[in-house]
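Asks: data-v8.csv is the file, holding CSV, C-alpha atoms:
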chain,number,residue,atom,x,y,z
A,1,MET,CA,5.5,2.1,-1.0
A,2,ILE,CA,6.9,5.6,-1.8
A,3,LEU,CA,5.1,8.8,-1.8
A,4,GLY,CA,6.6,11.4,-4.0
A,5,PRO,CA,6.2,15.2,-4.3
A,6,GLY,CA,3.4,16.5,-6.5
A,7,SER,CA,0.6,14.6,-8.0
A,8,THR,CA,-0.5,13.1,-11.3
A,9,SER,CA,-3.5,14.2,-13.2
A,10,SER,CA,-5.6,11.6,-11.4
A,11,GLY,CA,-3.8,11.1,-8.1
A,12,LEU,CA,-0.7,11.4,-6.0
A,13,LEU,CA,2.7,10.2,-7.0
A,14,VAL,CA,2.7,6.9,-5.2
A,15,SER,CA,4.9,4.0,-6.1
A,16,THR,CA,5.9,0.6,-4.9
A,17,ALA,CA,9.4,0.1,-3.3
A,18,LEU,CA,10.6,-1.0,-6.7
A,19,GLY,CA,9.3,2.2,-8.3
A,20,THR,CA,6.2,1.1,-10.1
A,21,HIS,CA,3.5,3.8,-10.0
A,22,ILE,CA,0.4,2.9,-8.0
A,23,PRO,CA,-2.7,4.3,-9.6
A,24,ASN,CA,-4.7,6.2,-7.0
A,25,GLU,CA,-7.3,8.9,-6.5
A,26,GLN,CA,-8.3,11.1,-3.6
A,27,ARG,CA,-12.0,11.2,-2.9
A,28,SER,CA,-13.5,14.4,-1.6
A,29,GLN,CA,-14.6,14.4,2.0
A,30,ARG,CA,-18.2,13.2,2.1
A,31,PRO,CA,-20.7,15.5,3.8
A,32,SER,CA,-20.6,15.5,7.6
A,33,GLN,CA,-24.1,14.2,7.9
A,34,ALA,CA,-23.3,11.2,5.7
A,35,MET,CA,-20.2,10.3,7.7
A,36,ALA,CA,-22.1,10.8,11.0
A,37,ALA,CA,-24.8,8.5,9.7
A,38,ALA,CA,-22.2,5.9,8.7
A,39,LYS,CA,-20.6,6.0,12.1
A,40,SER,CA,-24.0,5.6,13.8
A,41,HIS,CA,-25.1,2.8,11.5
A,42,TRP,CA,-21.9,0.7,11.9
A,43,THR,CA,-21.5,1.2,15.6
A,44,ALA,CA,-25.1,0.2,16.1
A,45,THR,CA,-24.8,-2.8,13.8
A,46,LEU,CA,-21.5,-4.0,15.3
A,47,PRO,CA,-21.5,-2.6,18.8
A,48,ASN,CA,-18.0,-3.9,19.7
A,49,ILE,CA,-16.2,-1.9,17.1
A,50,GLU,CA,-14.5,1.4,17.9
A,51,HIS,CA,-14.8,4.4,15.6
A,52,ARG,CA,-11.5,6.1,15.0
A,53,SER,CA,-12.0,8.6,12.1
A,54,SER,CA,-14.6,9.9,9.7
A,55,ARG,CA,-12.3,10.9,6.9
A,56,SER,CA,-13.4,9.6,3.5
A,57,THR,CA,-10.6,10.7,1.3
A,58,TYR,CA,-8.9,7.3,1.3
A,59,ASN,CA,-10.0,3.7,1.3
A,60,CYS,CA,-8.8,0.5,3.0
A,61,MET,CA,-5.9,0.1,0.6
A,62,GLY,CA,-4.9,3.7,1.1
A,63,LEU,CA,-4.5,3.3,4.8
A,64,PRO,CA,-1.5,0.9,4.8
A,65,PHE,CA,-0.1,1.6,1.3
A,66,ALA,CA,-0.5,5.4,1.0
A,67,ALA,CA,-0.5,6.6,4.6
A,68,ARG,CA,-4.2,7.5,4.5
A,69,ARG,CA,-3.6,10.1,1.7
A,70,THR,CA,-5.5,8.6,-1.2
A,71,ALA,CA,-7.6,5.7,-2.4
A,72,ILE,CA,-6.1,2.7,-4.2
A,73,ASP,CA,-8.1,0.1,-6.1
A,74,PRO,CA,-7.8,-3.4,-4.6
A,75,GLN,CA,-6.9,-4.7,-8.0
A,76,HIS,CA,-3.4,-3.4,-7.4
A,77,VAL,CA,-2.8,-5.3,-4.2
A,78,ARG,CA,-0.8,-8.2,-5.7
A,79,LEU,CA,1.6,-5.7,-7.4
A,80,ILE,CA,2.1,-3.8,-4.2
A,81,LEU,CA,2.6,-6.9,-2.0
A,82,ALA,CA,5.1,-8.3,-4.5
A,83,GLU,CA,7.1,-5.1,-5.1
A,84,ASP,CA,7.0,-4.0,-1.4
A,85,GLY,CA,8.5,-7.3,-0.3
A,86,TYR,CA,5.6,-8.8,1.5
A,87,SER,CA,5.3,-12.5,2.1
A,88,GLN,CA,2.2,-14.5,2.9
A,89,LEU,CA,1.9,-16.0,6.3
A,90,PRO,CA,0.6,-19.5,6.7
A,91,GLY,CA,-2.3,-18.5,9.0
A,92,LEU,CA,-3.7,-16.1,11.6
A,93,ASP,CA,-1.5,-17.7,14.3
A,94,HIS,CA,1.6,-16.2,12.7
A,95,VAL,CA,0.5,-12.6,12.6
A,96,VAL,CA,2.0,-9.8,14.7
A,97,LEU,CA,1.1,-6.2,15.0
A,98,GLY,CA,1.4,-4.3,11.7
A,99,ASP,CA,0.8,-7.3,9.5
A,100,LEU,CA,-2.0,-7.2,6.9
A,101,VAL,CA,-5.3,-9.1,6.8
A,102,LEU,CA,-7.0,-9.5,3.5
A,103,TYR,CA,-10.8,-10.2,3.4
A,104,TYR,CA,-12.4,-12.0,0.5
A,105,ASP,CA,-16.1,-12.5,-0.2
A,106,SER,CA,-17.6,-15.9,-1.2
A,107,GLU,CA,-17.0,-15.1,-4.8
A,108,GLY,CA,-13.3,-14.7,-4.3
A,109,ASP,CA,-13.2,-10.9,-4.6
A,110,LEU,CA,-10.9,-9.0,-2.4
A,111,GLN,CA,-13.2,-6.8,-0.5
A,112,HIS,CA,-11.2,-5.4,2.3
A,113,ILE,CA,-7.8,-5.0,3.9
A,114,GLY,CA,-6.8,-4.1,7.4
A,115,VAL,CA,-3.7,-3.8,9.7
A,116,VAL,CA,-3.3,-6.0,12.7
A,117,TYR,CA,-3.6,-3.7,15.7
A,118,GLU,CA,-3.6,-5.8,18.7
A,119,ARG,CA,-3.1,-9.5,19.7
A,120,TYR,CA,-3.9,-10.9,23.0
A,121,ARG,CA,-4.4,-14.3,24.6
A,122,LEU,CA,-7.8,-15.1,26.0
A,123,MET,CA,-7.8,-15.9,29.7
A,124,THR,CA,-9.8,-18.4,31.7
A,125,ASN,CA,-12.1,-17.4,34.6
A,126,VAL,CA,-9.2,-17.9,37.0
A,127,GLY,CA,-6.8,-15.7,35.0
A,128,THR,CA,-4.7,-18.3,33.3
A,129,PRO,CA,-4.0,-18.0,29.6
A,130,THR,CA,-5.8,-20.3,27.2
A,131,GLY,CA,-4.5,-21.4,23.8
A,132,SER,CA,-6.8,-19.0,22.0
A,133,TRP,CA,-5.8,-15.6,20.8
A,134,ARG,CA,-7.9,-12.6,19.8
A,135,THR,CA,-6.8,-10.3,17.0
A,136,LYS,CA,-7.9,-6.7,16.6
A,137,VAL,CA,-7.6,-4.9,13.3
A,138,LEU,CA,-7.4,-1.3,12.3
A,139,SER,CA,-9.0,-0.6,8.9
A,140,GLN,CA,-10.8,2.0,6.8
A,141,TRP,CA,-14.3,0.7,5.9
A,142,GLY,CA,-14.6,1.6,2.3
A,143,PHE,CA,-15.3,5.3,2.5
A,144,ASP,CA,-17.4,5.0,5.7
A,145,GLY,CA,-14.6,5.8,8.2
A,146,GLU,CA,-11.9,4.1,10.1
A,147,TYR,CA,-12.6,1.5,12.8
A,148,VAL,CA,-10.8,-0.7,15.3
A,149,HIS,CA,-12.5,-4.1,15.4
A,150,GLN,CA,-12.1,-7.7,16.2
A,151,ILE,CA,-10.8,-9.5,13.1
A,152,GLU,CA,-14.2,-11.1,12.4
A,153,ASP,CA,-16.2,-8.1,13.4
A,154,VAL,CA,-16.8,-6.6,9.9
A,155,PRO,CA,-19.8,-6.0,7.7
A,156,THR,CA,-21.0,-9.1,5.9
A,157,ALA,CA,-20.1,-7.5,2.6
A,158,PHE,CA,-16.4,-7.8,3.5
A,159,GLY,CA,-16.6,-11.5,3.7
A,160,PHE,CA,-14.0,-13.3,5.8
A,161,PRO,CA,-10.3,-12.9,6.7
A,162,ALA,CA,-8.5,-15.2,4.3
A,163,GLU,CA,-4.9,-14.1,3.8
A,164,TYR,CA,-2.3,-12.7,6.1
A,165,TRP,CA,0.8,-10.9,4.8
A,166,THR,CA,3.9,-9.4,6.5
A,167,ASP,CA,6.7,-7.2,5.4
A,168,ARG,CA,8.9,-8.5,8.3
A,169,LEU,CA,12.3,-10.0,7.5
B,1,MET,CA,-38.0,-3.7,3.5
B,2,THR,CA,-38.7,-5.8,0.5
B,3,TYR,CA,-39.3,-4.1,-2.8
B,4,GLN,CA,-41.7,-5.7,-5.2
B,5,SER,CA,-43.6,-4.9,-8.3
B,6,GLU,CA,-46.4,-3.2,-6.2
B,7,THR,CA,-44.0,-0.9,-4.4
B,8,PRO,CA,-44.5,2.7,-5.5
B,9,LEU,CA,-41.6,4.0,-7.6
B,10,GLU,CA,-41.2,6.9,-5.2
B,11,ALA,CA,-40.5,4.4,-2.4
B,12,ILE,CA,-37.8,2.8,-4.4
B,13,PHE,CA,-36.3,6.2,-5.2
B,14,GLU,CA,-36.4,7.0,-1.4
B,15,ALA,CA,-34.5,3.8,-0.7
B,16,ILE,CA,-31.9,4.5,-3.4
B,17,GLU,CA,-31.3,8.0,-2.1
B,18,GLY,CA,-31.5,6.9,1.5
B,19,ILE,CA,-28.7,7.0,4.0
B,20,GLU,CA,-28.8,3.3,4.8
B,21,LEU,CA,-28.1,2.2,1.2
B,22,GLU,CA,-25.5,4.9,1.0
B,23,ASN,CA,-23.8,3.5,4.1
B,24,ARG,CA,-23.7,0.0,2.8
B,25,VAL,CA,-22.5,0.7,-0.7
B,26,ASN,CA,-19.9,3.1,0.4
B,27,LEU,CA,-18.1,0.2,2.0
B,28,ALA,CA,-17.0,-0.5,-1.5
B,29,SER,CA,-13.4,0.4,-2.2
B,30,SER,CA,-13.6,0.3,-6.0
B,31,GLN,CA,-16.1,1.0,-8.8
B,32,ARG,CA,-16.5,-2.7,-9.5
B,33,LEU,CA,-17.2,-3.5,-5.8
B,34,PHE,CA,-19.6,-0.5,-5.7
B,35,ARG,CA,-21.7,-2.1,-8.5
B,36,LYS,CA,-21.5,-5.4,-6.8
B,37,ALA,CA,-22.7,-3.8,-3.6
B,38,LEU,CA,-25.6,-2.2,-5.4
B,39,ARG,CA,-26.7,-5.5,-6.9
B,40,ARG,CA,-27.1,-6.9,-3.4
B,41,GLU,CA,-29.7,-4.2,-2.7
B,42,ASP,CA,-33.4,-5.2,-3.1
B,43,ALA,CA,-34.4,-1.7,-4.1
B,44,TYR,CA,-31.7,-1.5,-6.8
B,45,ARG,CA,-32.7,-4.9,-8.3
B,46,GLU,CA,-36.3,-3.9,-8.4
B,47,LEU,CA,-35.5,-0.6,-10.1
B,48,VAL,CA,-33.3,-2.3,-12.7
B,49,SER,CA,-36.2,-4.6,-13.6
B,50,ARG,CA,-38.6,-1.6,-13.9
B,51,ALA,CA,-36.1,0.4,-16.0
B,52,ALA,CA,-36.7,-1.9,-18.9
B,53,ASP,CA,-39.9,0.1,-19.2
B,54,GLU,CA,-39.0,3.2,-21.2
B,55,PRO,CA,-41.1,5.8,-19.2
B,56,THR,CA,-39.6,4.5,-16.0
B,57,ALA,CA,-36.1,4.8,-17.4
B,58,ARG,CA,-36.9,8.3,-18.5
B,59,THR,CA,-38.1,9.1,-15.0
B,60,ILE,CA,-34.9,7.7,-13.6
B,61,ALA,CA,-32.9,9.9,-16.0
B,62,GLU,CA,-34.9,12.9,-14.9
B,63,ARG,CA,-34.1,12.0,-11.3
B,64,VAL,CA,-30.4,12.1,-12.2
B,65,LEU,CA,-30.9,15.5,-13.7
B,66,THR,CA,-32.7,16.8,-10.6
B,67,LEU,CA,-30.2,15.5,-8.2
B,68,SER,CA,-27.1,16.5,-10.1
B,69,SER,CA,-28.4,20.0,-10.5
B,70,GLN,CA,-28.2,20.5,-6.8
B,71,PRO,CA,-25.0,22.2,-5.5
B,72,ALA,CA,-22.3,20.6,-3.4
B,73,GLU,CA,-21.1,22.3,-0.3
B,74,ASP,CA,-17.7,23.9,-0.6
B,75,GLY,CA,-15.0,21.4,0.3
B,76,TYR,CA,-17.3,18.4,0.3
B,77,GLU,CA,-18.4,15.8,-2.0
B,78,HIS,CA,-21.8,16.2,-3.8
B,79,PRO,CA,-24.5,15.1,-1.4
B,80,HIS,CA,-26.2,12.9,-4.0
B,81,ASP,CA,-23.1,11.4,-5.6
B,82,THR,CA,-24.0,7.9,-4.4
B,83,ALA,CA,-27.6,8.1,-5.5
B,84,VAL,CA,-26.7,9.5,-8.9
B,85,GLY,CA,-24.1,6.7,-9.3
B,86,ALA,CA,-26.7,4.2,-8.4
B,87,TYR,CA,-29.2,5.5,-10.9
B,88,LEU,CA,-26.5,5.4,-13.7
B,89,ALA,CA,-25.8,1.8,-12.7
B,90,VAL,CA,-29.5,1.1,-12.9
B,91,LEU,CA,-29.7,2.5,-16.4
B,92,ASP,CA,-26.6,0.6,-17.4
B,93,ASP,CA,-27.8,-2.7,-16.0
B,94,ALA,CA,-31.1,-2.2,-17.7
B,95,THR,CA,-29.3,-1.4,-21.0
B,96,SER,CA,-31.5,1.7,-21.2
B,97,PRO,CA,-30.9,4.2,-24.0
B,98,TRP,CA,-31.3,6.9,-21.3
B,99,LEU,CA,-27.9,6.1,-19.9
B,100,ALA,CA,-26.3,8.2,-22.6
B,101,GLN,CA,-28.0,11.4,-21.5
B,102,ALA,CA,-27.9,10.6,-17.8
B,103,SER,CA,-24.2,9.8,-17.9
B,104,GLY,CA,-23.5,13.3,-19.4
B,105,TRP,CA,-25.1,14.8,-16.2
B,106,GLY,CA,-23.2,12.3,-14.0
B,107,LEU,CA,-20.0,13.3,-15.6
B,108,ARG,CA,-20.5,16.9,-14.8
B,109,LEU,CA,-21.6,16.2,-11.2
B,110,PRO,CA,-19.6,18.7,-9.1
B,111,SER,CA,-17.3,17.0,-6.6
B,112,GLY,CA,-18.5,13.6,-7.5
B,113,TRP,CA,-16.9,10.2,-7.0
B,114,TRP,CA,-19.0,7.3,-8.1
B,115,ALA,CA,-21.2,9.1,-10.6
B,116,PRO,CA,-18.4,10.5,-12.7
B,117,LYS,CA,-16.6,7.2,-12.5
B,118,LEU,CA,-19.6,5.3,-13.9
B,119,ALA,CA,-20.2,7.9,-16.5
B,120,ARG,CA,-16.5,7.7,-17.7
B,121,ASP,CA,-16.8,3.9,-17.7
B,122,PHE,CA,-19.8,4.1,-19.9
B,123,GLU,CA,-18.1,6.6,-22.3
B,124,SER,CA,-15.0,4.4,-22.5
B,125,ARG,CA,-17.2,1.5,-23.6
B,126,THR,CA,-18.7,3.6,-26.4
B,127,ARG,CA,-16.5,3.3,-29.4
B,128,VAL,CA,-17.2,5.0,-32.7
B,129,THR,CA,-16.6,2.7,-35.6
B,130,GLN,CA,-16.4,2.8,-39.4
B,131,ALA,CA,-20.1,3.4,-39.6
B,132,SER,CA,-19.7,6.8,-38.0
B,133,ASP,CA,-19.4,8.4,-41.4
B,134,CYS,CA,-23.1,8.1,-41.6
B,135,VAL,CA,-25.1,10.9,-40.0
B,136,PHE,CA,-28.6,10.5,-38.8
B,137,ILE,CA,-31.1,13.3,-39.0
B,138,ALA,CA,-34.5,12.9,-37.4
B,139,ARG,CA,-37.4,15.1,-36.7
B,140,LEU,CA,-39.4,13.9,-33.8
B,141,GLY,CA,-42.3,16.2,-33.0
B,142,GLU,CA,-40.8,19.7,-32.7
B,143,VAL,CA,-37.3,18.5,-32.2
B,144,THR,CA,-34.7,17.8,-34.9
B,145,ARG,CA,-31.7,15.7,-34.0
B,146,ILE,CA,-28.6,14.5,-35.6
B,147,GLY,CA,-26.2,11.9,-34.5
B,148,ILE,CA,-23.8,9.3,-35.8
B,149,ARG,CA,-24.1,5.6,-35.7
B,150,ILE,CA,-21.8,3.8,-33.3
B,151,GLU,CA,-20.9,0.3,-32.2
B,152,SER,CA,-19.3,-0.6,-29.0
B,153,SER,CA,-18.3,-3.9,-27.5
B,154,ASP,CA,-21.7,-4.5,-26.0
B,155,ALA,CA,-24.1,-2.1,-27.7
B,156,ARG,CA,-25.0,-0.6,-31.0
B,157,GLY,CA,-26.8,2.7,-31.3
B,158,TRP,CA,-26.5,6.4,-31.9
B,159,LEU,CA,-24.0,8.9,-30.7
B,160,PHE,CA,-25.4,12.4,-30.1
B,161,PRO,CA,-23.6,15.4,-28.9
B,162,GLY,CA,-23.3,14.8,-25.2
B,163,GLY,CA,-23.4,11.0,-25.4
B,164,ARG,CA,-25.1,7.9,-26.9
B,165,LEU,CA,-28.8,8.0,-26.9
B,166,GLY,CA,-29.6,4.5,-27.5
B,167,SER,CA,-30.2,1.4,-29.6
B,168,ALA,CA,-31.2,1.6,-33.2
B,169,ASP,CA,-34.6,0.1,-32.7
B,170,ARG,CA,-35.6,3.0,-30.4
B,171,LEU,CA,-35.3,5.6,-33.1
B,172,ALA,CA,-37.1,6.6,-36.2
B,173,PRO,CA,-34.6,8.5,-38.4
B,174,LEU,CA,-36.0,10.5,-41.2
B,175,ARG,CA,-33.0,10.0,-43.4
B,176,ILE,CA,-29.3,9.1,-43.3
B,177,VAL,CA,-26.8,11.3,-45.2
B,178,PRO,CA,-23.1,11.1,-45.6
B,179,ALA,CA,-21.3,12.6,-42.8
B,180,VAL,CA,-19.3,15.3,-44.7
B,181,ALA,CA,-22.4,16.7,-46.3
B,182,ALA,CA,-24.4,16.6,-43.1
B,183,ARG,CA,-21.7,18.3,-41.1
B,184,SER,CA,-21.4,21.2,-43.5
B,185,ARG,CA,-25.1,21.8,-43.3
B,186,ASN,CA,-25.8,21.0,-39.7
B,187,GLU,CA,-22.7,21.7,-37.7
B,188,ASP,CA,-24.3,24.5,-35.8
B,189,MET,CA,-27.4,22.5,-35.0
B,190,ALA,CA,-25.5,19.7,-33.4
B,191,PHE,CA,-24.8,21.5,-30.2
B,192,ARG,CA,-28.2,23.0,-29.7
B,193,TRP,CA,-29.8,19.6,-29.2
B,194,GLN,CA,-27.6,18.0,-26.6
B,195,ASP,CA,-29.6,19.4,-23.7
B,196,ALA,CA,-33.0,18.8,-25.3
B,197,LEU,CA,-32.9,15.0,-25.4
B,198,ILE,CA,-34.8,14.7,-22.2
B,199,ALA,CA,-37.9,15.7,-24.2
B,200,LEU,CA,-37.6,12.7,-26.4
B,201,PRO,CA,-41.0,11.1,-27.1
B,202,SER,CA,-41.5,7.8,-25.3
B,203,SER,CA,-42.5,5.8,-28.4
B,204,PHE,CA,-40.4,5.2,-31.5
B,205,SER,CA,-40.9,3.1,-34.6
B,206,THR,CA,-38.4,0.6,-35.6
B,207,ASP,CA,-36.0,1.3,-38.4
B,208,THR,CA,-34.4,-1.2,-40.7
B,209,GLU,CA,-30.7,-1.6,-41.6
B,210,SER,CA,-29.5,-2.0,-45.1
B,211,ASP,CA,-25.8,-2.1,-44.9
B,212,SER,CA,-22.9,-1.0,-42.8
B,213,ARG,CA,-22.8,2.5,-44.3
B,214,VAL,CA,-26.4,3.5,-44.4
B,215,VAL,CA,-29.1,2.8,-41.9
B,216,VAL,CA,-32.4,3.2,-43.8
B,217,ALA,CA,-34.9,5.5,-42.3
B,218,GLY,CA,-38.0,3.8,-41.0
B,219,ALA,CA,-40.1,7.0,-40.8
Transcribe the structure of this file into C-alpha cells.

Replies:
Amino acid sequence: MILGPGSTSSGLLVSTALGTHIPNEQRSQRPSQAMAAAKSHWTATLPNIEHRSSRSTYNCMGLPFAARRTAIDPQHVRLILAEDGYSQLPGLDHVVLGDLVLYYDSEGDLQHIGVVYERYRLMTNVGTPTGSWRTKVLSQWGFDGEYVHQIEDVPTAFGFPAEYWTDRL
Amino acid sequence: MTYQSETPLEAIFEAIEGIELENRVNLASSQRLFRKALRREDAYRELVSRAADEPTARTIAERVLTLSSQPAEDGYEHPHDTAVGAYLAVLDDATSPWLAQASGWGLRLPSGWWAPKLARDFESRTRVTQASDCVFIARLGEVTRIGIRIESSDARGWLFPGGRLGSADRLAPLRIVPAVAARSRNEDMAFRWQDALIALPSSFSTDTESDSRVVVAGA
C-alpha cells in the first residue's frame, strides 16, 4: 500500500505496492454523541473488549491498508492482498503479530478485517503452559470506533474469523 | 422489541432513528453491507412491508425531508445520515415511487455518508432510454408537471426534474407530446415543479401504453 500526496475527487491517492489505485473515501467524523453511544453499546455488549479510539473517518480496511486515513470497500481486499504480496496462512496457529484476520458471515460476505495484536499461551492453574493460544486483534468496527478484542469477541454481524494472511517473507 | 403490523408507525420511526440501530448498522464497512445490516433489523423489515402502501411511503419521504432539512454541526457528519439512508433503503426495497423525490433530498444531505451513497446508487440505476423523446405533461389538481419516460434495469417510470417519480401505473398523464415541442413550450416550467412533488395526490388512475414512443394518457 502506498499513500501519495494529494487526493482524488472521491478519496486519497492510495495504491497497492504494484501501483494500482485503491478506491477510497473519507467519512466525516460522526457526532460525538453517536460515537459515545457506540462505545457504550459495544463495551456493554462485549465487556472484555477494550476501546481504543472513536474516530469514524476510516473503516476496518482503512486501518491496515491506509494507515487509518480513509475508508476502503472490502470488495477490494483481494486486489490489495495480491498486489501487496500477502500470502494466506493455513490457520490461526500460524499467525504472528501484525498478520491479518478476515471475518466472513454465514453467507460468505467479507464483513470485517483486523490486525493480530497479541498472542499468548494459556496457562494451567499451576502456571505451566497449555497447548492453547489466545489471540487478540486490533480492529476498527465499521464506523463505530476502534477496539482491541479477543479474536472471537466481535459483534455477531461480523461472523467468524475464517482467513489469516501475512505479508511476512 | 418486535415490530408487527399493530406497531404504531411512530414507534417504527423511533427505532429507525434510534441510536441502537445506528450503532448496529454502522458496523457496516460498505454500502452493500449497510443494506444487509438494515435488512436484519425488525423495524426496517416492518417498515418496508408498510411502504407498499402509498400514504405510508409518502410519510416516509416526508420524514426524509424533515430530517435532511436539519443542519449538521460544523466539522461533523449530519446527525441523521444513518436514518435518512435507512429510509431511502426502505423506499428502494419497497420499490416506492417516492424514492425519486426522497433520493434528491438524500443526495443534498450536508456532510452525509450513507444517504448520499444510496441516492447516487439509485440515480445510477436510472437510465434514460430511447423513449425519453416523449414528454409527459399532467395536471393533477392545482399542479402541472412534466417529465420524460425512462427505463432502467429494474424499473420503468417517469423522470422529473430532480429525479424519477415512479412507475407508469401511478400516474395519469393528460397528454404526451414530442420532446422538442414540449421543451420549447415548457422549459421554464420544468424547474418550478421539482420541489412541489411532495404535494402529489395519493391516488392516480392507470394509464395505458400504446407503443415505445407515445404513452397514451389515461386521463

Asks: Residues of chain B within 8 Å of chain A, counting all atoms listed in the file, what are they? List them as a PyMOL selection string.

Replies: chain B and resi 19-20+23+26-30+33+37+73+75-79+111-113

Asks: Find the residues near range 44-48 of chain A: any atom within 8 Å, counting only C-alpha atoms, skip ones fewer than 4 places away on the same chain, and give them as JSON, numbers by chain.

Replies: {"A": [40, 149, 150, 153, 154]}

Asks: Provide the CA of Thr95 in chain B to CA of Thr56 in chain B distance in Å, to one decimal place.

Replies: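 Interatomic distance here is 12.9 Å.
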
Asks: Kindly indicate which residue among A:Asn125, A:Arg78, A:Ala36, A:Gly131 lies nearest to His51 in chain A, using only C-alpha atoms for the distances.

Replies: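 For His51 in chain A, the nearest of the given residues is A:Ala36.
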
Asks: In Å, how far is it from CA of Tyr164 in chain A to CA of Thr20 in chain A?

Replies: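 It comes out at 22.9 Å.
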
Asks: In Å, rounded to a single decimal, give me how far CA of Thr82 in chain B is from CA of Glu17 in chain B.

Replies: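 Calculated distance between CA of Glu17 in chain B and CA of Thr82 in chain B is 7.7 Å.
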
Asks: Given only C-alpha atoms as the basis, pick out the residue of B:Pro110, B:Asp93, B:Pro116, B:Ala15 nearest to Asp74 in chain B.

Replies: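 Closest to Asp74 in chain B of all the choices is B:Pro110.
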
Asks: Which is closest to Glu118 in chain A among A:Ile49, A:Val14, A:Val148, A:Leu63, if we use all atoms listed in the file?

Replies: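 Under the stated criterion, the closest residue is A:Val148.
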
Asks: Could you check which of A:Ala66, A:Leu122, A:Val137, A:Ala17 is closest to Leu81 in chain A, using all atoms listed in the file?

Replies: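 Between A:Ala66, A:Leu122, A:Val137, A:Ala17, the residue approaching Leu81 in chain A most closely is A:Ala17.
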
Asks: Could you list, as a PyMOL selection string, every residue within 10 Å of Ala89 in chain B, counting all atoms listed in the file and ignoring same-chain residues fewer than 2 positions away?

Replies: chain B and resi 34-35+38-39+44+48+83-87+91-95+99+103+114-115+118-119+122

Asks: Okay, now the selection with C-alpha atoms, as a PDB file, in the frame of the given file?

Replies:
ATOM      1  CA  PHE B  34     -19.600  -0.500  -5.700  1.00  0.00           C
ATOM      2  CA  ARG B  35     -21.700  -2.100  -8.500  1.00  0.00           C
ATOM      3  CA  LEU B  38     -25.600  -2.200  -5.400  1.00  0.00           C
ATOM      4  CA  ARG B  39     -26.700  -5.500  -6.900  1.00  0.00           C
ATOM      5  CA  TYR B  44     -31.700  -1.500  -6.800  1.00  0.00           C
ATOM      6  CA  VAL B  48     -33.300  -2.300 -12.700  1.00  0.00           C
ATOM      7  CA  ALA B  83     -27.600   8.100  -5.500  1.00  0.00           C
ATOM      8  CA  VAL B  84     -26.700   9.500  -8.900  1.00  0.00           C
ATOM      9  CA  GLY B  85     -24.100   6.700  -9.300  1.00  0.00           C
ATOM     10  CA  ALA B  86     -26.700   4.200  -8.400  1.00  0.00           C
ATOM     11  CA  TYR B  87     -29.200   5.500 -10.900  1.00  0.00           C
ATOM     12  CA  LEU B  91     -29.700   2.500 -16.400  1.00  0.00           C
ATOM     13  CA  ASP B  92     -26.600   0.600 -17.400  1.00  0.00           C
ATOM     14  CA  ASP B  93     -27.800  -2.700 -16.000  1.00  0.00           C
ATOM     15  CA  ALA B  94     -31.100  -2.200 -17.700  1.00  0.00           C
ATOM     16  CA  THR B  95     -29.300  -1.400 -21.000  1.00  0.00           C
ATOM     17  CA  LEU B  99     -27.900   6.100 -19.900  1.00  0.00           C
ATOM     18  CA  SER B 103     -24.200   9.800 -17.900  1.00  0.00           C
ATOM     19  CA  TRP B 114     -19.000   7.300  -8.100  1.00  0.00           C
ATOM     20  CA  ALA B 115     -21.200   9.100 -10.600  1.00  0.00           C
ATOM     21  CA  LEU B 118     -19.600   5.300 -13.900  1.00  0.00           C
ATOM     22  CA  ALA B 119     -20.200   7.900 -16.500  1.00  0.00           C
ATOM     23  CA  PHE B 122     -19.800   4.100 -19.900  1.00  0.00           C
TER      24      PHE B 122
END

Asks: With all atoms listed in the file as the atoms that count, which of B:Leu67, B:Ala43, B:Ala61, B:Ala72 lies nearest to Ala100 in chain B?

Replies: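 When distances to Ala100 in chain B are compared using all atoms listed in the file, the smallest one comes from B:Ala61.
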
Asks: May I have the protein, DNA and RNA residues with an atom at most 10 Å from (-8.5, -11.1, 21.8), counting only C-alpha atoms in the file's coordinates, returned as a PyMOL selection string?

Replies: chain A and resi 118-123+132-136+150-151

Asks: Of the residues B:Ser96, B:Asp81, B:Leu21, B:Gln70, which is the one nearest to Asp53 in chain B, using all atoms listed in the file?

Replies: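 Of B:Ser96, B:Asp81, B:Leu21, B:Gln70, the one nearest Asp53 in chain B, counting all atoms listed in the file, is B:Ser96.
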
Asks: Would you kindly place N, CA and C atoms on range 3-11 of chain B and return the model as a CSV table (one decimal), keeping the file's coordinate frame?

Replies:
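Contents of part_22.csv, freshly written:
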chain,number,residue,atom,x,y,z
B,3,TYR,N,-38.7,-4.9,-1.7
B,3,TYR,CA,-39.3,-4.1,-2.8
B,3,TYR,C,-39.8,-5.0,-3.9
B,4,GLN,N,-41.1,-4.9,-4.2
B,4,GLN,CA,-41.7,-5.7,-5.2
B,4,GLN,C,-42.4,-4.9,-6.3
B,5,SER,N,-43.1,-5.6,-7.2
B,5,SER,CA,-43.6,-4.9,-8.3
B,5,SER,C,-44.7,-3.9,-7.9
B,6,GLU,N,-45.3,-4.1,-6.7
B,6,GLU,CA,-46.4,-3.2,-6.2
B,6,GLU,C,-45.8,-2.0,-5.5
B,7,THR,N,-44.6,-2.0,-5.2
B,7,THR,CA,-44.0,-0.9,-4.4
B,7,THR,C,-44.0,0.3,-5.3
B,8,PRO,N,-44.5,1.4,-4.7
B,8,PRO,CA,-44.5,2.7,-5.5
B,8,PRO,C,-43.1,3.1,-5.9
B,9,LEU,N,-42.9,3.6,-7.1
B,9,LEU,CA,-41.6,4.0,-7.6
B,9,LEU,C,-41.0,5.0,-6.7
B,10,GLU,N,-41.8,5.9,-6.1
B,10,GLU,CA,-41.2,6.9,-5.2
B,10,GLU,C,-40.6,6.2,-4.0
B,11,ALA,N,-41.1,5.1,-3.5
B,11,ALA,CA,-40.5,4.4,-2.4
B,11,ALA,C,-39.2,3.8,-2.7
